[in-house]
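Peer 1: I have a structure here, written as structure tokens, and I will follow up with some questions on it.
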Amino acid sequence: MGAHAFIMGSLAALFLIAPFAAMLFLKKRGGSWSSFFVGAGIFVLFAMVLESAMHNVVLLATPLGAVLQKNIWLYGLYGGLAAGVFEETGRLAAFRLLIKNQRGRVTALSYGVGHGGCEAALLLSLTYISNLALLSAARSGAALPQEAQAAVSQLAELPAAAFLWGGMERVSAIALHMALSVLVFAAATQPGKRGLFFAAVLLHAAVDFLAVVCNAFFPIAATELLTAAGAALAVWLAAGVYKKLPKIAEKAEPSPNRKE
């Protein structure tokens, strides 16, 4: 269990620190913390709140939910489209309303790091920290509820290396979010590029669909490699778009020591 704890602890710390480190790198190239935190906030609102609320209604309170959950293909299609529509709509709203005065192309990357970094912190780091707390309690001999004991047993049965795949998944997801942010940023700021918004929705849906369906039929290694390939394709497409965006510096943020 020592290897389990080491890997989970290392990855939890990495994905809490790495987004801020990446943002410091982008800040030196014109990025802004406001774009970063808007990206994080939009993820929480559109994915964790609004999208989750829809899932609670559709999957738990309607007859359609039973149909979707019995068919992995329909379930993957539904989940992928829901994620694509909600998160890309959130991106579009952010670029058109919340950070509309920031038009340098690095804005897209700043936003994408915030969006993807927040997701990594909430879905991976907090999960691994919770797992570490369970393992620590079990090692100390504390009396655990039956459900917690079952969770500890499941963790013990997993090979330590399995947790590394969770790290790879987050790397792919952050890269995907940065790529999609570039596409939606171009759609929001460049004349004649509105179609890129719909391309972002479909790309997001396709990668999520691939992850859900592959996870049902293939080992985790194959699933993560295939989804990483999907993210790489999105990055390749976004790189071509990014090169054509203007290099206008983002609007400078006021210094806390500056006197108006």
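Residue numbering restarts at 1 for every chain of the structure tokens, chains are lettered A, B, ... in their displayed order, and ligands are numbered from 1 as they appear.
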Near range 5-19 of chain A, counting only C-alpha atoms, which residues have an atom at most 9 Å away, once you skip same-chain residues fewer than 5 positions from it, shown as a PyMOL selection string?
Peer 2: chain A and resi 24+113-114+116-118+120-121+124-129+131-132+135+160-161+163-164+166-167+170
Peer 1: Could you give me, as a Markdown table, every range 57-124 of chain A residue with an atom at most 10 Å from range 197-208 of chain A, plus its closest atom pair and distance in Å to one decimal, counting only C-alpha atoms, rows ordered by chain then number?
Peer 2:
| residue | atom | partner | partner_atom | distance |
| --- | --- | --- | --- | --- |
| A:Gly76 | CA | A:Asp208 | CA | 7.2 |
| A:Leu77 | CA | A:Ala205 | CA | 7.3 |
| A:Tyr78 | CA | A:Ala205 | CA | 8.6 |
| A:Gly79 | CA | A:Asp208 | CA | 7.3 |
| A:Gly80 | CA | A:Ala205 | CA | 3.9 |
| A:Leu81 | CA | A:Ala205 | CA | 4.8 |
| A:Ala82 | CA | A:Ala205 | CA | 7.6 |
| A:Ala83 | CA | A:Ala205 | CA | 6.6 |
| A:Gly84 | CA | A:Val201 | CA | 4.5 |
| A:Val85 | CA | A:Val201 | CA | 5.8 |
| A:Phe86 | CA | A:Val201 | CA | 8.8 |
| A:Glu87 | CA | A:Val201 | CA | 8.3 |
| A:Glu88 | CA | A:Val201 | CA | 6.0 |
| A:Thr89 | CA | A:Phe197 | CA | 8.4 |
| A:Arg91 | CA | A:Phe197 | CA | 9.4 |
| A:Leu92 | CA | A:Phe197 | CA | 7.8 |
Peer 1: Find the distance between CA of Ala234 in chain A and CA of Val184 in chain A and write it in Å to one decimal.
Peer 2: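 Computed distance, CA of Ala234 in chain A to CA of Val184 in chain A, equals 12.2 Å.
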Peer 1: Which neighbours of Met168 in chain A fall inside 9 Å, counting only C-alpha atoms, when residues of the same chain fewer than 3 positions from it are skipped, and could you give them as JSON, numbers by chain?
Peer 2: {"A": [164, 165, 171, 172, 173, 224, 225, 228]}
Peer 1: Quick one: pick out all alpha helix (DSSP H) residues within range 25-258 of chain A from a backbone DSSP run and write them as a ChimeraX atom specification.
Peer 2: /A:25-27,33-42,52-61,63-70,72-93,106-120,126-139,146-157,162-189,195-217,220-243
Peer 1: So how many Å separate CA of Phe37 in chain A and CA of Leu210 in chain A, to one decimal?
Peer 2: 28.8 Å
Peer 1: Residues at most 12 Å from Phe185 in chain A, counting only C-alpha atoms, excluding those fewer than 4 positions away in the same chain, as an MDAnalysis selection string?
Peer 2: chainID A and resid 35 88:97 99:100 102:112 177:181 189:191 193:197 200 238 241:242 245:246
Peer 1: Have a look at A:Trp33, A:Trp73, A:Phe25, A:Trp236 and name the one nearest to Val212 in chain A; count only C-alpha atoms.
Peer 2: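 Looking at the shortest contact to Val212 in chain A, the residue is A:Trp73.
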Peer 1: Using only C-alpha atoms, which residue out of A:Asn101, A:Arg139, A:Ile174, A:Lys28 lies closest to Ala40 in chain A?
Peer 2: A:Ile174
Peer 1: Quick one: pull the distance between CA of Ala239 in chain A and CA of Glu119 in chain A, Å, one decimal.
Peer 2: 22.3 Å
Peer 1: Within 10 Å of Gly65 in chain A, counting only C-alpha atoms, which residues qualify if same-chain residues fewer than 5 places away don't, as a compact mmCIF listing (two decimals) with C-alpha atoms, in the first residue's frame?
Peer 2:
# COMPACT_ATOMS: atom_id res chain seq x y z
CA HIS A 55 -28.13 14.53 -15.49
CA ASN A 56 -30.02 14.23 -12.20
CA VAL A 57 -33.26 14.96 -14.02
CA VAL A 58 -32.67 12.98 -17.22
CA LEU A 59 -30.97 9.91 -15.74
CA LEU A 60 -32.81 9.61 -12.44
CA LYS A 70 -28.84 0.08 -20.32
CA TYR A 75 -25.14 6.55 -22.78
Peer 1: Which residue, A:Ala137, A:Leu176, A:Ala143, A:Glu169, has the smallest gap to Ala222 in chain A when you use only C-alpha atoms?
Peer 2: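 Smallest distance to Ala222 in chain A is found for A:Glu169.
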